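Below is upload32.txt, holding compact mmCIF, C-alpha atoms.
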```txt
# COMPACT_ATOMS: atom_id res chain seq x y z
CA MET A 21 -5.62 27.68 -6.00
CA ASN A 22 -2.33 26.30 -7.31
CA GLU A 23 -0.66 23.68 -5.12
CA PHE A 24 2.22 22.69 -7.43
CA LYS A 25 5.07 23.82 -5.21
CA LEU A 26 7.76 22.88 -2.74
CA PHE A 27 7.53 24.29 0.76
CA ALA A 28 9.36 23.86 4.03
CA HIS A 29 8.44 25.22 7.43
CA GLY A 30 8.98 24.77 11.12
CA ASP A 31 8.33 26.43 14.47
CA ASN A 32 12.00 27.37 14.93
CA PHE A 33 13.04 27.62 11.27
CA ASP A 34 15.17 30.74 10.74
CA VAL A 35 14.21 31.53 7.14
CA ASP A 36 16.56 34.52 6.97
CA ALA A 37 19.56 32.36 7.92
CA PHE A 38 18.54 29.77 5.32
CA LEU A 39 18.06 32.34 2.54
CA ALA A 40 21.47 33.84 3.33
CA ALA A 41 23.09 30.40 2.98
CA THR A 42 21.42 29.17 -0.24
CA THR A 43 21.28 30.04 -3.92
CA LEU A 44 17.60 29.00 -4.07
CA LYS A 45 15.19 31.88 -4.67
CA ALA A 46 11.98 31.50 -2.69
CA ASP A 47 8.69 32.66 -4.22
CA ASP A 48 7.19 33.22 -0.78
CA VAL A 49 8.67 33.63 2.69
CA TRP A 50 6.80 33.92 5.97
CA ARG A 51 7.82 34.23 9.56
CA ARG A 52 6.18 32.90 12.69
CA GLY A 53 3.75 35.52 13.97
CA ASP A 54 3.33 37.29 10.60
CA GLN A 55 -0.19 37.95 9.36
CA ARG A 56 -1.23 35.44 6.65
CA ARG A 57 -1.46 37.40 3.42
CA ASN A 58 -4.69 35.89 2.08
CA ALA A 59 -6.63 35.71 5.34
CA CYS A 60 -9.89 37.65 5.65
CA VAL A 61 -9.50 37.86 9.44
CA GLU A 62 -6.53 38.16 11.74
CA SER A 63 -4.61 34.93 11.29
CA LYS A 64 -0.96 34.62 12.23
CA HIS A 65 1.53 32.09 10.88
CA GLU A 66 2.30 29.50 13.52
CA ALA A 67 5.61 28.60 11.85
CA SER A 68 8.20 30.16 9.56
CA GLY A 69 8.64 28.88 6.04
CA VAL A 70 9.64 29.18 2.42
CA GLU A 71 7.83 28.24 -0.77
CA PHE A 72 9.04 27.53 -4.30
CA VAL A 73 6.32 27.52 -6.98
CA LEU A 74 7.12 24.97 -9.68
CA GLY A 75 4.32 25.78 -12.13
CA ASP A 76 0.57 26.02 -12.56
CA GLY A 77 -0.88 22.80 -11.20
CA CYS A 78 -4.33 23.73 -12.50
CA ALA A 79 -3.04 23.89 -16.08
CA LEU A 80 -0.36 21.17 -16.12
CA SER A 81 -1.21 17.48 -16.23
CA LEU A 82 0.00 15.33 -13.36
CA LEU A 83 2.57 13.73 -15.67
CA ASP A 84 3.89 17.16 -16.71
CA GLN A 85 4.06 18.23 -13.05
CA GLU A 86 6.05 15.11 -12.19
CA ASN A 87 8.47 15.77 -15.05
CA VAL A 88 8.95 19.41 -13.98
CA ALA A 89 9.41 18.32 -10.36
CA ILE A 90 11.95 15.64 -11.31
CA ASP A 91 13.96 18.16 -13.35
CA TYR A 92 13.84 20.71 -10.50
CA LEU A 93 14.81 18.18 -7.82
CA LYS A 94 17.72 16.92 -9.93
CA ALA A 95 18.93 20.45 -10.72
CA HIS A 96 18.78 21.60 -7.07
CA ARG A 97 19.42 18.32 -5.25
CA ASP A 98 22.23 19.54 -2.97
CA GLU A 99 20.48 22.79 -1.97
CA LEU A 100 17.22 20.93 -1.30
CA LYS A 101 18.99 18.28 0.78
CA ALA A 102 20.50 21.13 2.82
CA LEU A 103 17.02 22.61 3.29
CA ALA A 104 15.63 19.24 4.42
CA ILE A 105 18.15 19.08 7.28
CA PHE A 106 18.33 22.82 8.01
CA PRO A 107 17.84 23.51 11.73
CA GLY A 108 14.20 24.12 12.58
CA VAL A 109 12.68 22.59 9.42
CA GLN A 110 9.96 20.18 10.51
CA THR A 111 7.97 19.79 7.31
CA PHE A 112 9.22 19.62 3.71
CA ILE A 113 6.59 18.90 1.08
CA LEU A 114 6.37 18.63 -2.69
CA GLY A 115 2.79 19.49 -3.56
CA LEU A 116 1.34 18.17 -6.79
CA HIS A 117 -2.07 19.45 -7.90
CA TYR A 118 -4.58 17.13 -9.58
CA VAL A 119 -7.84 18.43 -11.03
CA TYR A 120 -10.32 15.56 -11.32
CA LYS A 121 -13.40 16.03 -13.45
CA LEU A 122 -16.18 14.34 -11.49
CA ASN A 123 -18.66 12.02 -13.15
CA LEU A 124 -21.44 9.84 -11.81
CA SER A 125 -19.49 6.61 -12.29
CA MET A 126 -16.58 7.71 -10.09
CA LEU A 127 -16.24 5.54 -7.01
CA GLY A 128 -12.77 6.59 -5.86
CA PHE A 129 -9.16 6.78 -6.93
CA CYS A 130 -5.60 6.48 -5.69
CA ILE A 131 -2.61 8.60 -6.64
CA GLY A 132 1.05 7.94 -6.02
CA PRO A 133 4.37 9.20 -7.34
CA SER A 134 6.29 7.53 -10.13
CA PRO A 135 9.32 5.49 -9.01
CA SER A 136 11.68 8.19 -10.34
CA LEU A 137 9.96 10.95 -8.39
CA MET A 138 9.66 8.83 -5.25
CA TRP A 139 13.36 7.97 -5.34
CA LEU A 140 14.32 11.65 -5.55
CA CYS A 141 11.92 12.59 -2.74
CA LEU A 142 13.35 9.87 -0.50
CA ASP A 143 16.92 10.85 -1.39
CA ILE A 144 16.35 14.53 -0.61
CA GLY A 145 13.96 14.14 2.31
CA ILE A 146 10.75 15.52 0.79
CA ASP A 147 7.21 14.22 1.34
CA PRO A 148 5.23 14.13 -1.93
CA ASP A 149 1.61 15.16 -1.32
CA TYR A 150 -1.25 15.32 -3.81
CA TYR A 151 -3.83 18.09 -3.57
CA VAL A 152 -7.01 17.14 -5.42
CA THR A 153 -9.56 19.61 -6.75
CA PHE A 154 -12.88 18.20 -7.92
CA ASP A 155 -14.26 19.77 -11.09
CA ARG A 156 -18.03 19.50 -10.81
CA SER A 157 -18.79 21.65 -13.86
CA ASP A 158 -20.50 18.87 -15.86
CA LEU A 159 -21.91 16.87 -12.96
CA ASP A 160 -25.35 18.54 -12.87
CA LYS A 161 -25.77 18.06 -16.62
CA GLU A 162 -24.74 14.41 -16.34
CA ARG A 163 -27.12 13.92 -13.39
CA GLU A 164 -30.01 15.42 -15.40
CA GLU A 165 -29.22 13.16 -18.38
CA PHE A 166 -29.05 10.13 -16.07
CA GLN A 167 -32.38 11.08 -14.48
CA LYS A 168 -33.96 11.42 -17.93
CA ARG A 169 -32.65 8.00 -19.01
CA MET A 170 -33.99 6.45 -15.79
CA GLU A 171 -37.43 8.00 -16.36
CA GLU A 172 -37.43 6.70 -19.93
CA TRP A 173 -36.43 3.23 -18.71
CA VAL A 174 -39.19 3.22 -16.08
CA GLU A 175 -41.74 4.33 -18.70
CA TYR A 176 -40.54 1.57 -21.04
CA ARG A 177 -40.80 -1.05 -18.29
CA LEU A 178 -44.29 0.12 -17.34
CA GLN A 179 -45.43 -0.08 -20.97
CA HIS A 180 -43.84 -3.51 -21.32
CA GLU A 181 -45.57 -4.77 -18.15
CA THR A 182 -48.92 -3.34 -19.35
CA ARG A 183 -48.61 -5.23 -22.67
CA LYS A 184 -47.88 -8.48 -20.84
CA ASP A 185 -51.04 -8.06 -18.75
CA GLU A 186 -53.27 -7.51 -21.81
```

Can the structure in the file be given as structure tokens, please?
Amino acid sequence: MNEFKLFAHGDNFDVDAFLAATTLKADDVWRRGDQRRNACVESKHEASGVEFVLGDGCALSLLDQENVAIDYLKAHRDELKALAIFPGVQTFILGLHYVYKLNLSMLGFCIGPSPSLMWLCLDIGIDPDYYVTFDRSDLDKEREEFQKRMEEWVEYRLQHETRKDE
């Protein structure tokens, strides 16, 4: 799922009034009470909102996403500032998508926006959020290799201890 996008929503956000007053072209629009389009069961939107997809966060590096976002925010600064203060908008988020390839040595990580991106987000009134997807595709292989190395080490230690006792 791609999370590299801007979206704004709110309980009393009149998306039709916003779209009539802006030159921005939304990639997705939903209204409070509408059925969610990807839901397997009945699930209604609790708020109305708009979404602007900025690119494929699964394919673009975080640095590339930041550069695209910075260019977009600069190019549409006035319209986005108007969206941030539009009546009914409660949440305005820039989503950046990070795919992290898990490995056994990973203990944790921290992500934050560059100063340039943070300045633009503060200026416009957008919250930058990072959506992290963990890629576990090589983890089982790495775990098996680690287990094998540990077994070899134990065998070596046992042989070494046996030689000392002789």

| query | Do you know which residues are at most 8 Å from Leu137 (chain A) counting all atoms listed in the file, after dropping those on the same chain fewer than 2 positions away, and could you put them as a list in words? | reply | Glu86, Ala89, Ile90, Pro133, Ser134, Pro135, Trp139, Leu140 and Cys141 of chain A

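Coordinates place CA of Gln179 (chain A) at a distance of 18.4 Å from CA of Gln167 (chain A).
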
| Could you pull the residues within 10 Å of Leu82 (chain A), counting only C-alpha atoms, minus those fewer than 6 positions along the same chain, as JSON, numbers by chain? | {"A": [24, 88, 116, 117, 118, 119, 131, 133, 150]}

| message | Quick one: residues within 10 Å of region 44-55 of chain A, all atoms listed in the file, excluding same-chain residues fewer than 3 positions away - as a ChimeraX atom specification? | response | /A:25-36,38-41,58-59,61-74,96,99-100,103

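For the residues A:Gly108, A:Phe166, A:Asn22, A:Val152, ranking by smallest atom-to-atom distance to Phe129 (chain A) using all atoms listed in the file places A:Val152 first.
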
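From CA of Gly132 (chain A) back to CA of Leu83 (chain A), the distance works out to 11.4 Å.
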
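CA of Glu23 (chain A) lies 11.3 Å from CA of Leu80 (chain A).
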
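With distances restricted to only C-alpha atoms, A:Ile146 is the closest residue to Leu114 (chain A) from A:Ile146, A:Lys101, A:Met126, A:Arg156.
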
| note | Across A:Asn123, A:Asp98, A:Asp91, A:Thr182, the smallest distance to Thr42 (chain A), with all atoms listed in the file counted, is shown by A:Asp98

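Residue nearest Thr153 (chain A) within the list A:Ile113, A:Ala104, A:Ala37, A:Cys78: A:Cys78 [criterion: smallest interatomic distance, only C-alpha atoms].
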
| task | Could you check which of A:Ala79, A:Leu122, A:Met21, A:Leu142 is closest to Asp160 (chain A), using all atoms listed in the file? | result | A:Leu122
